[in-house]
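One structure below.
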Amino acid sequence: MSATKHHAARRGGEKRPKAKPAKEVGQPRRTALITGITGQDGSYLAELLLAKGYAVVGVVRRTSHDSYERIGHLLDRVHIVPADLLDQHSLTAVVRDAKPDEIYNLAAQSFVPTSWTQPVLTGEFTALGVTRLLEAVRLAHPTARVYQASSSEMFGKVSETPQRETTPFYPRSPYGVAKVYGHWITVNYRESYGLFAVSGILFNHESPRRGLEFVTRKVSDGVARIVKGRARELALGNLDARRDWGFAGDYVDAMWRMLQQPKPGDYVVGTGKTHSVRELCELAFSHAGLDWKRHVKVDPRFVRPAEVEALQADPSKAARELGWTPRTSFADLVRMMVDADLERLS
């Protein structure tokens, strides 16, 4: 691996945004509040906003242990506050005290398989948690602009391909159902109370910071473990499932652009291209000089009870109105993730 690749892997492989001022010189510094700041998207978004000159407030759940590995390098630049999507009072207090210009709700129970084993908890966080946050904004600081993280999983059993903002929802998991609720309650608060509230319908977005339970990271980590002699095979589910995969570092820029528009609206964000899990394996293993067929095994335990076969974005509205297009190709994304996991395990 070259010195350049080593350096990129240590940084998570991301392309760092150029710093831009949040407002013109002499105007007050803007404040952004991020729920889920310790997650993949939260960490990239915090980096982006700090580079633009924002004051960043990160909301975390109070637990007996800290999980700040994705934002450890930012802790001296962000303000961390405790609150919980399950607790209305804590959310209202945080919004009242921070008085943010922008709020990004990225917190959720976001792993689809877990939503079948914990459907009620998924609903509490991913559906009702959105209502609690919107209610906190309505009561404590209604001028804040709110971004809600919607998901391509809302489309589920798709009625048209590619999927756009007007495509009907047909979720195929408790997670997808909860996300549909969160999406429509955001629309409802926008139309009922005049909040500047938007939903970003993001298709699958990955990075070296993705959790190990997600298939892209499971593959890149599996490749690294096999290369390092720590494993011999990788068990996966449906190899024919197709997804529109992009780089999370690109997608957080679309989130920010949504809140800079003159009027609130909802946007599909994706690459417009799909790849199968099989293609993912081929590319990841070949990047490490391996034949994926010798190592990948299909395990029925990893097949969803109700499968979503193919999701493909139509991001034309985002390109037209936001001026946003993805910068990182699928191949570059996969190589970035494999290089980062090889570096991590070296």
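Here's how to read the names in the structure tokens: chain A, B, ... by the order shown, residue numbers from 1 in each chain, ligand numbers from 1 in the order shown.
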
What lies within 7 Å of segment 123-134 of chain A using only C-alpha atoms, ignoring chain neighbours under 6 positions off, as an mmCIF file with all heavy atoms, in the first residue's frame?
```cif
data_model
loop_
_atom_site.group_PDB
_atom_site.id
_atom_site.type_symbol
_atom_site.label_atom_id
_atom_site.label_comp_id
_atom_site.auth_asym_id
_atom_site.auth_seq_id
_atom_site.Cartn_x
_atom_site.Cartn_y
_atom_site.Cartn_z
ATOM 1 N N LEU A 85 -33.806 10.409 22.261
ATOM 2 C CA LEU A 85 -34.999 10.457 21.431
ATOM 3 C C LEU A 85 -36.209 9.813 22.105
ATOM 4 O O LEU A 85 -37.342 9.999 21.658
ATOM 5 C CB LEU A 85 -34.742 9.762 20.094
ATOM 6 C CG LEU A 85 -33.846 10.492 19.086
ATOM 7 C CD1 LEU A 85 -33.702 9.665 17.813
ATOM 8 C CD2 LEU A 85 -34.387 11.874 18.747
ATOM 9 N N LEU A 86 -35.977 9.057 23.175
ATOM 10 C CA LEU A 86 -37.092 8.456 23.909
ATOM 11 C C LEU A 86 -37.640 9.388 24.979
ATOM 12 O O LEU A 86 -38.658 9.078 25.596
ATOM 13 C CB LEU A 86 -36.642 7.141 24.572
ATOM 14 C CG LEU A 86 -36.090 6.055 23.649
ATOM 15 C CD1 LEU A 86 -35.778 4.797 24.447
ATOM 16 C CD2 LEU A 86 -37.072 5.750 22.527
ATOM 17 N N GLN A 88 -38.924 13.191 25.807
ATOM 18 C CA GLN A 88 -39.347 14.493 25.289
ATOM 19 C C GLN A 88 -38.702 15.655 26.029
ATOM 20 O O GLN A 88 -38.234 16.615 25.423
ATOM 21 C CB GLN A 88 -40.872 14.607 25.398
ATOM 22 C CG GLN A 88 -41.423 15.924 24.879
ATOM 23 C CD GLN A 88 -41.308 16.039 23.379
ATOM 24 O OE1 GLN A 88 -41.912 15.267 22.649
ATOM 25 N NE2 GLN A 88 -40.520 17.000 22.906
ATOM 26 N N LEU A 91 -35.022 16.428 25.041
ATOM 27 C CA LEU A 91 -34.904 17.024 23.711
ATOM 28 C C LEU A 91 -35.325 18.490 23.721
ATOM 29 O O LEU A 91 -34.659 19.352 23.133
ATOM 30 C CB LEU A 91 -35.756 16.248 22.708
ATOM 31 C CG LEU A 91 -35.298 14.833 22.374
ATOM 32 C CD1 LEU A 91 -36.330 14.132 21.494
ATOM 33 C CD2 LEU A 91 -33.942 14.838 21.690
ATOM 34 N N ALA A 108 -31.120 7.020 15.148
ATOM 35 C CA ALA A 108 -32.169 6.029 14.891
ATOM 36 C C ALA A 108 -31.642 4.651 15.250
ATOM 37 O O ALA A 108 -30.439 4.465 15.428
ATOM 38 C CB ALA A 108 -32.599 6.048 13.422
ATOM 39 N N GLN A 109 -32.549 3.684 15.341
ATOM 40 C CA GLN A 109 -32.150 2.281 15.317
ATOM 41 C C GLN A 109 -32.110 1.965 13.831
ATOM 42 O O GLN A 109 -33.141 1.783 13.196
ATOM 43 C CB GLN A 109 -33.165 1.407 16.052
ATOM 44 C CG GLN A 109 -32.700 -0.026 16.304
ATOM 45 C CD GLN A 109 -32.352 -0.819 15.042
ATOM 46 O OE1 GLN A 109 -31.175 -0.956 14.685
ATOM 47 N NE2 GLN A 109 -33.360 -1.318 14.335
ATOM 48 N N ALA A 178 -41.036 2.319 10.173
ATOM 49 C CA ALA A 178 -40.748 3.405 11.109
ATOM 50 C C ALA A 178 -40.228 4.642 10.380
ATOM 51 O O ALA A 178 -40.572 5.780 10.722
ATOM 52 C CB ALA A 178 -39.739 2.945 12.158
ATOM 53 N N LYS A 179 -39.404 4.435 9.370
ATOM 54 C CA LYS A 179 -38.881 5.561 8.597
ATOM 55 C C LYS A 179 -39.992 6.272 7.821
ATOM 56 O O LYS A 179 -39.954 7.500 7.643
ATOM 57 C CB LYS A 179 -37.782 5.088 7.644
ATOM 58 C CG LYS A 179 -36.417 4.931 8.288
ATOM 59 C CD LYS A 179 -35.857 6.279 8.751
ATOM 60 C CE LYS A 179 -34.436 6.168 9.263
ATOM 61 N NZ LYS A 179 -33.905 7.469 9.725
ATOM 62 N N TYR A 181 -43.079 6.571 8.824
ATOM 63 C CA TYR A 181 -43.732 7.421 9.827
ATOM 64 C C TYR A 181 -42.923 8.692 10.060
ATOM 65 O O TYR A 181 -43.466 9.804 10.073
ATOM 66 C CB TYR A 181 -43.896 6.654 11.143
ATOM 67 C CG TYR A 181 -44.503 7.497 12.253
ATOM 68 C CD1 TYR A 181 -45.857 7.422 12.546
ATOM 69 C CD2 TYR A 181 -43.711 8.371 12.999
ATOM 70 C CE1 TYR A 181 -46.411 8.206 13.546
ATOM 71 C CE2 TYR A 181 -44.263 9.159 13.995
ATOM 72 C CZ TYR A 181 -45.602 9.077 14.267
ATOM 73 O OH TYR A 181 -46.151 9.859 15.257
ATOM 74 N N GLY A 182 -41.606 8.542 10.267
ATOM 75 C CA GLY A 182 -40.759 9.705 10.506
ATOM 76 C C GLY A 182 -40.793 10.684 9.353
ATOM 77 O O GLY A 182 -40.772 11.909 9.544
ATOM 78 N N ILE A 185 -44.414 12.406 9.350
ATOM 79 C CA ILE A 185 -44.632 13.339 10.464
ATOM 80 C C ILE A 185 -43.820 14.606 10.250
ATOM 81 O O ILE A 185 -44.222 15.705 10.660
ATOM 82 C CB ILE A 185 -44.302 12.678 11.828
ATOM 83 C CG1 ILE A 185 -44.962 13.460 12.978
ATOM 84 C CG2 ILE A 185 -42.812 12.572 12.074
ATOM 85 C CD1 ILE A 185 -46.470 13.415 12.958
#
```

Every residue of segment 34-66 of chain A that DSSP places in strand (DSSP E or B), as a list in words: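 Assigned to strand (DSSP E or B), within segment 34-66 of chain A: Ile34, Thr35, Ala55, Val56, Val57, Gly58, Val59 and Val60 of chain A.
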
Residues near Met258 of chain A, cut-off 12 Å, only C-alpha atoms, skip fewer than 2 positions along chain, as a ChimeraX atom specification: /A:102-104,145-149,196-201,251-256,260-269,317-319,321-324

Selected residues, N, CA and C atoms, written as a short mmCIF file (atom, residue, chain, number, x, y, z; two decimals), in the first residue's frame, please.
```cif
data_model
loop_
_atom_site.label_atom_id
_atom_site.label_comp_id
_atom_site.auth_asym_id
_atom_site.auth_seq_id
_atom_site.Cartn_x
_atom_site.Cartn_y
_atom_site.Cartn_z
N GLU A 102 -29.70 25.21 12.74
CA GLU A 102 -30.00 24.01 11.98
C GLU A 102 -29.95 22.79 12.88
N ILE A 103 -30.86 21.85 12.64
CA ILE A 103 -30.91 20.60 13.40
C ILE A 103 -30.90 19.45 12.41
N TYR A 104 -30.01 18.50 12.63
CA TYR A 104 -29.91 17.32 11.78
C TYR A 104 -30.24 16.10 12.62
N ARG A 145 -34.09 25.27 11.38
CA ARG A 145 -34.32 24.46 10.19
C ARG A 145 -33.95 23.01 10.51
N VAL A 146 -34.83 22.08 10.15
CA VAL A 146 -34.69 20.69 10.59
C VAL A 146 -34.51 19.76 9.40
N TYR A 147 -33.50 18.92 9.50
CA TYR A 147 -33.27 17.85 8.52
C TYR A 147 -33.62 16.52 9.16
N GLN A 148 -34.49 15.74 8.51
CA GLN A 148 -34.84 14.40 8.96
C GLN A 148 -34.22 13.38 8.01
N ALA A 149 -33.53 12.40 8.59
CA ALA A 149 -32.88 11.35 7.79
C ALA A 149 -33.90 10.28 7.40
N PHE A 196 -39.53 24.86 9.02
CA PHE A 196 -38.65 24.56 7.89
C PHE A 196 -38.08 23.17 8.16
N ALA A 197 -38.83 22.16 7.72
CA ALA A 197 -38.45 20.77 8.00
C ALA A 197 -38.39 20.00 6.68
N VAL A 198 -37.28 19.32 6.44
CA VAL A 198 -37.07 18.60 5.20
C VAL A 198 -36.68 17.15 5.49
N SER A 199 -36.91 16.30 4.51
CA SER A 199 -36.48 14.91 4.60
C SER A 199 -35.54 14.60 3.45
N GLY A 200 -34.40 14.01 3.77
CA GLY A 200 -33.49 13.52 2.76
C GLY A 200 -33.67 12.03 2.62
N ILE A 201 -34.17 11.58 1.48
CA ILE A 201 -34.39 10.15 1.26
C ILE A 201 -33.09 9.58 0.70
N TYR A 251 -22.62 12.38 0.80
CA TYR A 251 -24.05 12.54 1.05
C TYR A 251 -24.36 13.58 2.13
N VAL A 252 -23.45 13.77 3.10
CA VAL A 252 -23.73 14.78 4.13
C VAL A 252 -23.74 16.19 3.54
N ASP A 253 -23.04 16.38 2.42
CA ASP A 253 -23.08 17.67 1.75
C ASP A 253 -24.48 17.95 1.21
N ALA A 254 -25.16 16.91 0.74
CA ALA A 254 -26.54 17.06 0.27
C ALA A 254 -27.46 17.45 1.43
N MET A 255 -27.24 16.87 2.61
CA MET A 255 -28.03 17.24 3.79
C MET A 255 -27.93 18.74 4.04
N TRP A 256 -26.70 19.22 4.07
CA TRP A 256 -26.48 20.63 4.34
C TRP A 256 -27.14 21.51 3.28
N GLN A 260 -30.19 24.93 3.11
CA GLN A 260 -29.81 26.26 2.61
C GLN A 260 -30.79 26.76 1.55
N GLN A 261 -31.80 25.97 1.23
CA GLN A 261 -32.74 26.36 0.18
C GLN A 261 -33.74 27.42 0.67
N PRO A 262 -34.31 28.21 -0.25
CA PRO A 262 -35.28 29.22 0.17
C PRO A 262 -36.57 28.64 0.72
N LYS A 263 -36.95 27.43 0.25
CA LYS A 263 -38.16 26.78 0.73
C LYS A 263 -37.84 25.33 1.08
N PRO A 264 -38.50 24.77 2.10
CA PRO A 264 -38.24 23.37 2.47
C PRO A 264 -38.84 22.41 1.48
N GLY A 265 -38.15 21.30 1.26
CA GLY A 265 -38.65 20.25 0.38
C GLY A 265 -37.91 18.96 0.65
N ASP A 266 -38.37 17.88 0.06
CA ASP A 266 -37.78 16.56 0.26
C ASP A 266 -37.02 16.14 -0.98
N TYR A 267 -35.92 15.41 -0.77
CA TYR A 267 -35.03 15.07 -1.88
C TYR A 267 -34.55 13.63 -1.79
N VAL A 268 -34.53 12.95 -2.93
CA VAL A 268 -33.87 11.65 -3.06
C VAL A 268 -32.39 11.90 -3.32
N VAL A 269 -31.54 11.17 -2.59
CA VAL A 269 -30.09 11.31 -2.74
C VAL A 269 -29.49 9.94 -3.01
N LYS A 317 -33.70 15.60 -9.04
CA LYS A 317 -34.17 16.80 -8.34
C LYS A 317 -33.04 17.39 -7.49
N ALA A 318 -32.28 16.52 -6.82
CA ALA A 318 -31.15 17.01 -6.00
C ALA A 318 -30.10 17.68 -6.87
N ALA A 319 -29.86 17.12 -8.05
CA ALA A 319 -28.88 17.73 -8.96
C ALA A 319 -29.39 19.07 -9.47
N GLU A 321 -31.91 21.15 -8.17
CA GLU A 321 -32.23 22.21 -7.19
C GLU A 321 -31.12 22.45 -6.17
N LEU A 322 -30.38 21.41 -5.83
CA LEU A 322 -29.32 21.55 -4.82
C LEU A 322 -27.95 21.72 -5.46
N GLY A 323 -27.83 21.38 -6.74
CA GLY A 323 -26.52 21.40 -7.38
C GLY A 323 -25.62 20.30 -6.84
N TRP A 324 -26.25 19.19 -6.39
CA TRP A 324 -25.48 18.11 -5.76
C TRP A 324 -25.37 16.91 -6.71
#
```

Name all residues at most 9 Å from segment 289-302 of chain A (count only C-alpha atoms; drop same-chain ones fewer than 6 positions away) and give them as a tab-separated table (two decimals) with all heavy atoms, in the first residue's frame.
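Once everything was written out, this is out09.tsv:
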```
chain	number	residue	atom	x	y	z
A	113	PRO	N	-31.93	-5.67	9.96
A	113	PRO	CA	-32.22	-6.96	10.60
A	113	PRO	C	-32.64	-6.84	12.06
A	113	PRO	O	-33.50	-7.58	12.54
A	113	PRO	CB	-30.90	-7.72	10.45
A	113	PRO	CG	-30.29	-7.16	9.21
A	113	PRO	CD	-30.62	-5.69	9.27
A	223	VAL	N	-12.62	-9.36	3.95
A	223	VAL	CA	-11.46	-9.43	3.07
A	223	VAL	C	-10.17	-9.22	3.86
A	223	VAL	O	-9.19	-9.97	3.73
A	223	VAL	CB	-11.57	-8.38	1.94
A	223	VAL	CG1	-10.24	-8.27	1.18
A	223	VAL	CG2	-12.69	-8.75	0.98
A	226	ILE	N	-9.31	-12.21	6.06
A	226	ILE	CA	-8.80	-13.34	5.29
A	226	ILE	C	-7.36	-13.08	4.84
A	226	ILE	O	-6.50	-13.95	4.93
A	226	ILE	CB	-9.73	-13.62	4.09
A	226	ILE	CG1	-11.08	-14.16	4.59
A	226	ILE	CG2	-9.08	-14.62	3.12
A	226	ILE	CD1	-12.17	-14.22	3.54
A	227	VAL	N	-7.08	-11.88	4.37
A	227	VAL	CA	-5.72	-11.51	3.97
A	227	VAL	C	-4.75	-11.65	5.13
A	227	VAL	O	-3.62	-12.15	4.97
A	227	VAL	CB	-5.68	-10.07	3.43
A	227	VAL	CG1	-4.24	-9.59	3.26
A	227	VAL	CG2	-6.42	-9.98	2.09
A	232	ARG	N	-11.08	-17.59	7.20
A	232	ARG	CA	-10.92	-18.31	5.94
A	232	ARG	C	-12.10	-18.07	5.01
A	232	ARG	O	-11.97	-18.23	3.79
A	232	ARG	CB	-10.76	-19.80	6.20
A	232	ARG	CG	-9.51	-20.15	7.02
A	232	ARG	CD	-9.34	-21.64	7.18
A	232	ARG	NE	-9.12	-22.30	5.90
A	232	ARG	CZ	-8.97	-23.62	5.77
A	232	ARG	NH1	-9.02	-24.40	6.84
A	232	ARG	NH2	-8.78	-24.15	4.57
A	233	GLU	N	-13.27	-17.75	5.60
A	233	GLU	CA	-14.43	-17.55	4.75
A	233	GLU	C	-15.32	-16.44	5.31
A	233	GLU	O	-15.16	-16.00	6.45
A	233	GLU	CB	-15.24	-18.84	4.59
A	233	GLU	CG	-15.82	-19.38	5.87
A	233	GLU	CD	-16.59	-20.68	5.65
A	233	GLU	OE1	-16.12	-21.53	4.87
A	233	GLU	OE2	-17.67	-20.84	6.26
A	234	LEU	N	-16.26	-16.01	4.48
A	234	LEU	CA	-17.18	-14.92	4.83
A	234	LEU	C	-18.60	-15.39	4.52
A	234	LEU	O	-18.90	-15.75	3.38
A	234	LEU	CB	-16.84	-13.66	4.03
A	234	LEU	CG	-17.78	-12.47	4.17
A	234	LEU	CD1	-17.78	-11.94	5.60
A	234	LEU	CD2	-17.39	-11.38	3.18
A	235	ALA	N	-19.47	-15.38	5.51
A	235	ALA	CA	-20.86	-15.81	5.34
A	235	ALA	C	-21.75	-14.60	5.06
A	235	ALA	O	-21.76	-13.63	5.82
A	235	ALA	CB	-21.34	-16.53	6.60
A	236	LEU	N	-22.52	-14.67	3.96
A	236	LEU	CA	-23.42	-13.60	3.57
A	236	LEU	C	-24.79	-14.16	3.24
A	236	LEU	O	-24.98	-15.38	3.16
A	236	LEU	CB	-22.86	-12.85	2.35
A	236	LEU	CG	-21.51	-12.14	2.53
A	236	LEU	CD1	-21.04	-11.62	1.18
A	236	LEU	CD2	-21.63	-11.01	3.54
A	237	GLY	N	-25.75	-13.27	3.01
A	237	GLY	CA	-27.11	-13.69	2.66
A	237	GLY	C	-27.34	-13.67	1.15
A	237	GLY	O	-26.65	-14.33	0.39
A	238	ASN	N	-28.30	-12.85	0.71
A	238	ASN	CA	-28.70	-12.80	-0.69
A	238	ASN	C	-27.67	-12.06	-1.53
A	238	ASN	O	-27.54	-10.84	-1.45
A	238	ASN	CB	-30.07	-12.11	-0.79
A	238	ASN	CG	-30.58	-12.04	-2.22
A	238	ASN	OD1	-30.01	-12.64	-3.13
A	238	ASN	ND2	-31.67	-11.31	-2.41
A	239	LEU	N	-26.95	-12.79	-2.38
A	239	LEU	CA	-25.90	-12.19	-3.20
A	239	LEU	C	-26.47	-11.43	-4.40
A	239	LEU	O	-25.77	-10.65	-5.04
A	239	LEU	CB	-24.92	-13.25	-3.69
A	239	LEU	CG	-24.18	-14.05	-2.63
A	239	LEU	CD1	-23.20	-15.02	-3.30
A	239	LEU	CD2	-23.43	-13.13	-1.67
A	278	ARG	N	-23.02	-9.54	-4.99
A	278	ARG	CA	-22.02	-10.35	-5.69
A	278	ARG	C	-20.94	-9.46	-6.32
A	278	ARG	O	-19.74	-9.74	-6.22
A	278	ARG	CB	-22.70	-11.20	-6.77
A	278	ARG	CG	-21.73	-12.10	-7.54
A	278	ARG	CD	-22.45	-12.98	-8.53
A	278	ARG	NE	-23.05	-14.15	-7.88
A	278	ARG	CZ	-24.34	-14.25	-7.56
A	278	ARG	NH1	-25.17	-13.26	-7.84
A	278	ARG	NH2	-24.81	-15.32	-6.95
A	281	CYS	N	-18.63	-8.17	-3.68
A	281	CYS	CA	-17.64	-9.17	-3.29
A	281	CYS	C	-16.53	-9.30	-4.33
A	281	CYS	O	-15.34	-9.37	-3.99
A	281	CYS	CB	-18.32	-10.53	-3.09
A	281	CYS	SG	-19.42	-10.59	-1.66
A	282	GLU	N	-16.92	-9.35	-5.59
A	282	GLU	CA	-15.92	-9.48	-6.66
A	282	GLU	C	-14.90	-8.35	-6.61
A	282	GLU	O	-13.68	-8.58	-6.68
A	282	GLU	CB	-16.62	-9.48	-8.02
A	282	GLU	CG	-17.44	-10.73	-8.31
A	282	GLU	CD	-18.23	-10.61	-9.60
A	282	GLU	OE1	-18.26	-9.50	-10.19
A	282	GLU	OE2	-18.84	-11.61	-10.03
A	283	LEU	N	-15.38	-7.14	-6.46
A	283	LEU	CA	-14.50	-5.98	-6.46
A	283	LEU	C	-13.62	-5.94	-5.21
A	283	LEU	O	-12.41	-5.69	-5.29
A	283	LEU	CB	-15.33	-4.71	-6.56
A	283	LEU	CG	-14.59	-3.39	-6.72
A	283	LEU	CD1	-13.65	-3.42	-7.92
A	283	LEU	CD2	-15.59	-2.25	-6.87
```

Helix (DSSP H, G or I) positions in segment 51-282 of chain A, given as a PyMOL selection string: chain A and resi 51+72-74+88-98+112-117+119-140+152-154+174-193+215-227+248-258+277-282

Distance criterion (only C-alpha atoms): nearest to Val219 of chain A out of A:Thr274, A:Glu160, A:Ala136, A:Val338: A:Val338

Nearby residues (only C-alpha atoms) at most 7 Å from Asp244 of chain A, same-chain spacing under 3 positions excluded, as a ChimeraX atom specification: /A:203-204,270-275,311-313

With C-alpha atoms retained, write the just-selected residues as a PDB file, in the first residue's frame.
```
ATOM      1  CA  PHE A 203     -30.001   5.564  -0.564  1.00  0.00           C
ATOM      2  CA  ASN A 204     -27.294   3.309   0.871  1.00  0.00           C
ATOM      3  CA  GLY A 270     -28.186   8.530  -4.497  1.00  0.00           C
ATOM      4  CA  THR A 271     -25.912   7.721  -7.411  1.00  0.00           C
ATOM      5  CA  GLY A 272     -28.557   6.448  -9.817  1.00  0.00           C
ATOM      6  CA  LYS A 273     -26.541   3.242 -10.340  1.00  0.00           C
ATOM      7  CA  THR A 274     -26.998  -0.171  -8.746  1.00  0.00           C
ATOM      8  CA  HIS A 275     -24.648  -3.029  -7.935  1.00  0.00           C
ATOM      9  CA  LEU A 311     -33.274  -0.043  -4.928  1.00  0.00           C
ATOM     10  CA  GLN A 312     -32.134   2.602  -7.410  1.00  0.00           C
ATOM     11  CA  ALA A 313     -32.287   6.367  -6.923  1.00  0.00           C
TER      12      ALA A 313
END
```

Atom-to-atom span, atom CA of Phe247 of chain A and atom CA of His287 of chain A, Å: 17.9 Å
